[in-house]
Amino acid sequence: MIKCWFFLAIALISGSVYAESTCADIHGQESYPPLRIKNGTICFVQEPVLDPGTKTQISADAISLYYIFNENVPVKAGGRGLLFDNTPGEIIDAFSSSVGHDQQEKIFVIHSLEVRESLVESNSSGKFYSVSVFDPIGHTLRRDERASDWFGADYSWLSDGRRVTYKFPYQSRRDVQQAMGSPFALLMNRDGFISVRLKDKSYLFDGPNVRSKTKKYMIRGDRATVDKATAGWCQVHHSGGAKPLEMWLMCSAFNIDAQAKK
């Protein structure tokens, strides 16, 4: 009788072990080591991309995130996935960090993608970077669109043929962590205006990219407000001239204006 109970106990223990879900249970190639977070594990799996309308496979793969909450069934992350072209690219780094006054856990994924030769922009690195932010919510993982757009995406560098004119500012964990301490990080979670002062004379841009440079400019000491940021660019509102401006400059062009009203 004792032997029967012993073997039954072994069977129950073995059954509970085998019932636990792991990243290996998900169909597809693991693209990055599993990430352990507070209440579970995040898996990074390369899998075929499905057409949104027909749900049939297209001739491309992408890296998907799956969340295993407390060793339960893996659940695919909600929202837009990571970028892909004719290859799924690669994850440079993935980590969790506690953010804000409430110390909410967020997941940051730094991803890069080699743009195919026929599409790559001239005078660029050919390598496209992005930072995606995800929130663990209960049993699920969901992309934080606002925070992801704040970090944005672009080539690792662009030039005018002579010198580098832009570098994507969030290419490493350290870059991302430093950005979280920036005054402009307030715009990652809520609407608002941040008062700034221009460091030096700078030409303005119609959009958040070096290709949209204009002949309009602001001069050193000009005050403005910033209400939006993406990929190191800030949208500025300036009313010091004959006509109010709503244009873009790199965030690094500004100092925070402590004397102006917030």
# chains A, B, ... in the order shown; residues from 1 in each chain; ligands from 1
call {"tool": "closest_atom_pairs", "arguments": {"of": "range 79-173 of chain A", "to": "range 179-193 of chain A", "cutoff": "8 Å", "atoms": "only C-alpha atoms", "output": "tab-separated table"}}
result
residue	atom	partner	partner_atom	distance
A:Arg146	CA	A:Met188	CA	6.3
A:Ala147	CA	A:Met188	CA	5.0
A:Trp150	CA	A:Met188	CA	5.8
A:Tyr170	CA	A:Ala179	CA	8.0
call {"tool": "write_last_selection", "arguments": {"atoms": "all heavy atoms", "output": "CSV table (one decimal), in the first residue's frame"}}
result
chain,number,residue,atom,x,y,z
A,146,ARG,N,1.7,54.3,-27.3
A,146,ARG,CA,2.2,55.6,-27.1
A,146,ARG,C,3.7,55.6,-26.7
A,146,ARG,O,4.4,56.4,-27.3
A,146,ARG,CB,1.3,56.3,-26.0
A,146,ARG,CG,1.8,57.7,-25.7
A,146,ARG,CD,0.8,58.5,-24.9
A,146,ARG,NE,1.2,59.9,-24.8
A,146,ARG,CZ,0.4,60.9,-24.6
A,146,ARG,NH1,-1.0,60.6,-24.6
A,146,ARG,NH2,0.8,62.1,-24.5
A,147,ALA,N,4.0,54.8,-25.8
A,147,ALA,CA,5.4,54.7,-25.4
A,147,ALA,C,6.3,54.2,-26.6
A,147,ALA,O,7.4,54.7,-26.8
A,147,ALA,CB,5.6,53.8,-24.2
A,150,TRP,N,6.9,57.0,-28.9
A,150,TRP,CA,7.8,58.0,-28.3
A,150,TRP,C,9.3,57.6,-28.6
A,150,TRP,O,10.0,58.5,-29.0
A,150,TRP,CB,7.6,58.0,-26.8
A,150,TRP,CG,8.4,59.1,-26.1
A,150,TRP,CD1,7.9,60.4,-25.8
A,150,TRP,CD2,9.7,59.1,-25.6
A,150,TRP,NE1,8.9,61.1,-25.2
A,150,TRP,CE2,10.0,60.3,-25.0
A,150,TRP,CE3,10.7,58.1,-25.6
A,150,TRP,CZ2,11.2,60.6,-24.5
A,150,TRP,CZ3,11.9,58.4,-25.0
A,150,TRP,CH2,12.2,59.6,-24.5
A,170,TYR,N,18.4,55.5,-29.6
A,170,TYR,CA,18.1,54.4,-28.6
A,170,TYR,C,18.5,53.1,-29.2
A,170,TYR,O,17.7,52.2,-29.5
A,170,TYR,CB,16.6,54.4,-28.3
A,170,TYR,CG,16.0,55.8,-28.0
A,170,TYR,CD1,15.0,56.3,-28.8
A,170,TYR,CD2,16.6,56.6,-27.0
A,170,TYR,CE1,14.5,57.6,-28.6
A,170,TYR,CE2,16.1,57.9,-26.8
A,170,TYR,CZ,15.0,58.4,-27.6
A,170,TYR,OH,14.6,59.6,-27.4
call {"tool": "residues_around", "arguments": {"residues": "Ser98 in chain A", "least_positions_apart": "4", "cutoff": "12 Å", "atoms": "only C-alpha atoms", "output": "list in words"}}
result
Ile37, Lys38, Asp102, Gln103, Gln104, Glu105, Lys106, Ile107, Phe108, Asp135, Pro136, Gln177 and Met180 of chain A
call {"tool": "write_last_selection", "arguments": {"atoms": "C-alpha atoms", "output": "compact mmCIF listing (two decimals), in the first residue's frame"}}
result
# COMPACT_ATOMS: atom_id res chain seq x y z
CA ILE A 37 9.71 38.95 -15.39
CA LYS A 38 7.81 39.36 -12.13
CA ASP A 102 3.87 53.58 -9.33
CA GLN A 103 6.89 51.53 -10.47
CA GLN A 104 4.88 49.77 -13.17
CA GLU A 105 6.79 46.97 -14.88
CA LYS A 106 7.30 47.53 -18.60
CA ILE A 107 9.10 45.43 -21.20
CA PHE A 108 11.50 47.11 -23.64
CA ASP A 135 2.84 46.09 -20.60
CA PRO A 136 2.09 42.86 -18.69
CA GLN A 177 17.37 53.79 -19.59
CA MET A 180 13.56 57.40 -19.23
call {"tool": "select_by_dssp", "arguments": {"residues": "range 119-164 of chain A", "states": "alpha helix (DSSP H)", "output": "VMD selection string"}}
result
chain A and resid 145 to 151
call {"tool": "write_last_selection", "arguments": {"atoms": "C-alpha atoms", "output": "PDB file, in the first residue's frame"}}
result
ATOM      1  CA  GLU A 145       1.570  52.187 -28.598  1.00  0.00           C
ATOM      2  CA  ARG A 146       2.176  55.616 -27.110  1.00  0.00           C
ATOM      3  CA  ALA A 147       5.447  54.696 -25.410  1.00  0.00           C
ATOM      4  CA  SER A 148       6.608  52.745 -28.488  1.00  0.00           C
ATOM      5  CA  ASP A 149       5.891  55.751 -30.725  1.00  0.00           C
ATOM      6  CA  TRP A 150       7.802  57.983 -28.294  1.00  0.00           C
ATOM      7  CA  PHE A 151      10.937  55.887 -28.852  1.00  0.00           C
TER       8      PHE A 151
END
call {"tool": "atom_distance", "arguments": {"atom1": "CA of Leu113 in chain A", "atom2": "CA of Gly207 in chain A"}}
result
22.7 Å
call {"tool": "select_by_dssp", "arguments": {"residues": "range 3-228 of chain A", "states": "strand (DSSP E or B)", "output": "PyMOL selection string"}}
result
chain A and resi 29-37+40-50+57-69+75-76+78+90-99+104-114+124+127-137+140-143+153-155+157-159+164-167+194-198+202-205+213-218+223-228
call {"tool": "write_last_selection", "arguments": {"atoms": "C-alpha atoms", "output": "CSV table (one decimal), in the first residue's frame"}}
result
chain,number,residue,atom,x,y,z
A,29,GLN,CA,12.2,29.1,-33.7
A,30,GLU,CA,13.3,30.9,-30.6
A,31,SER,CA,14.9,34.2,-31.7
A,32,TYR,CA,16.1,35.4,-28.3
A,33,PRO,CA,16.6,33.8,-24.8
A,34,PRO,CA,13.4,33.8,-22.7
A,35,LEU,CA,13.0,36.8,-20.4
A,36,ARG,CA,11.9,36.2,-16.9
A,37,ILE,CA,9.7,38.9,-15.4
A,40,GLY,CA,6.0,34.9,-15.7
A,41,THR,CA,8.2,34.5,-18.8
A,42,ILE,CA,8.3,36.2,-22.2
A,43,CYS,CA,9.2,34.2,-25.3
A,44,PHE,CA,10.5,35.5,-28.6
A,45,VAL,CA,9.5,33.3,-31.4
A,46,GLN,CA,10.1,33.6,-35.2
A,47,GLU,CA,7.0,32.6,-37.1
A,48,PRO,CA,5.2,33.2,-40.4
A,49,VAL,CA,3.3,36.4,-40.9
A,50,LEU,CA,-0.4,36.0,-41.5
A,57,GLN,CA,0.6,32.9,-44.6
A,58,ILE,CA,2.6,35.4,-46.6
A,59,SER,CA,6.2,34.9,-47.7
A,60,ALA,CA,7.8,36.5,-44.7
A,61,ASP,CA,8.6,35.8,-41.0
A,62,ALA,CA,8.5,38.1,-38.0
A,63,ILE,CA,9.4,37.8,-34.4
A,64,SER,CA,6.4,37.5,-32.1
A,65,LEU,CA,6.3,37.9,-28.3
A,66,TYR,CA,4.4,35.3,-26.2
A,67,TYR,CA,3.7,35.7,-22.5
A,68,ILE,CA,3.6,32.7,-20.1
A,69,PHE,CA,1.8,33.9,-17.0
A,75,VAL,CA,-0.5,33.9,-25.0
A,76,LYS,CA,0.6,36.0,-28.0
A,78,GLY,CA,-1.5,42.0,-28.4
A,90,GLU,CA,17.1,40.5,-34.7
A,91,ILE,CA,16.5,41.6,-31.1
A,92,ILE,CA,19.5,43.6,-29.9
A,93,ASP,CA,18.3,43.6,-26.3
A,94,ALA,CA,15.1,42.9,-24.3
A,95,PHE,CA,14.7,43.8,-20.6
A,96,SER,CA,12.1,44.8,-18.0
A,97,SER,CA,12.2,48.0,-16.0
A,98,SER,CA,10.0,49.6,-13.3
A,99,VAL,CA,8.7,52.9,-14.6
A,104,GLN,CA,4.9,49.8,-13.2
A,105,GLU,CA,6.8,47.0,-14.9
A,106,LYS,CA,7.3,47.5,-18.6
A,107,ILE,CA,9.1,45.4,-21.2
A,108,PHE,CA,11.5,47.1,-23.6
A,109,VAL,CA,12.6,45.4,-26.9
A,110,ILE,CA,15.4,46.9,-29.0
A,111,HIS,CA,15.1,45.5,-32.5
A,112,SER,CA,17.2,46.0,-35.7
A,113,LEU,CA,16.5,45.1,-39.3
A,114,GLU,CA,18.7,45.1,-42.4
A,124,SER,CA,22.2,55.5,-44.6
A,127,LYS,CA,20.1,49.1,-40.6
A,128,PHE,CA,16.7,50.1,-39.2
A,129,TYR,CA,16.3,50.3,-35.4
A,130,SER,CA,13.1,50.5,-33.3
A,131,VAL,CA,12.2,50.3,-29.6
A,132,SER,CA,8.9,48.6,-28.7
A,133,VAL,CA,7.3,48.8,-25.2
A,134,PHE,CA,4.9,46.2,-23.8
A,135,ASP,CA,2.8,46.1,-20.6
A,136,PRO,CA,2.1,42.9,-18.7
A,137,ILE,CA,-1.6,43.2,-17.9
A,140,THR,CA,-1.6,39.1,-21.2
A,141,LEU,CA,1.1,41.2,-22.7
A,142,ARG,CA,0.0,44.3,-24.7
A,143,ARG,CA,2.1,46.7,-26.8
A,153,ALA,CA,12.1,53.9,-35.3
A,154,ASP,CA,14.7,55.0,-38.0
A,155,TYR,CA,18.0,54.1,-39.6
A,157,TRP,CA,22.4,56.7,-38.9
A,158,LEU,CA,21.8,59.0,-41.9
A,159,SER,CA,24.2,61.3,-43.7
A,164,VAL,CA,26.3,62.0,-40.3
A,165,THR,CA,23.3,64.2,-39.8
A,166,TYR,CA,21.2,61.9,-37.6
A,167,LYS,CA,21.6,58.9,-35.3
A,194,ILE,CA,7.2,71.3,-21.9
A,195,SER,CA,8.8,74.8,-22.0
A,196,VAL,CA,12.2,74.8,-23.7
A,197,ARG,CA,14.9,77.3,-24.9
A,198,LEU,CA,17.0,76.8,-28.0
A,202,SER,CA,18.7,75.7,-35.8
A,203,TYR,CA,16.8,75.1,-39.0
A,204,LEU,CA,13.3,73.7,-38.6
A,205,PHE,CA,11.8,70.5,-40.1
A,213,LYS,CA,14.5,70.3,-43.5
A,214,THR,CA,13.2,73.8,-44.4
A,215,LYS,CA,14.7,77.3,-44.7
A,216,LYS,CA,12.9,78.4,-41.5
A,217,TYR,CA,14.9,78.6,-38.4
A,218,MET,CA,14.9,79.6,-34.7
A,223,ARG,CA,11.6,80.0,-26.3
A,224,ALA,CA,9.0,77.4,-27.4
A,225,THR,CA,6.9,74.5,-26.1
A,226,VAL,CA,7.2,70.8,-26.9
A,227,ASP,CA,4.1,68.6,-26.8
A,228,LYS,CA,5.3,65.5,-28.8
call {"tool": "atom_distance", "arguments": {"atom1": "CA of Arg163 in chain A", "atom2": "CA of Gly221 in chain A"}}
result
26.3 Å
call {"tool": "residues_around", "arguments": {"residues": "Met250 in chain A", "least_positions_apart": "6", "cutoff": "10 Å", "atoms": "only C-alpha atoms", "output": "PyMOL selection string"}}
result
chain A and resi 166+202+204-205+208-210+229-236
call {"tool": "atom_distance", "arguments": {"atom1": "CA of Ser239 in chain A", "atom2": "CA of Arg211 in chain A"}}
result
24.2 Å
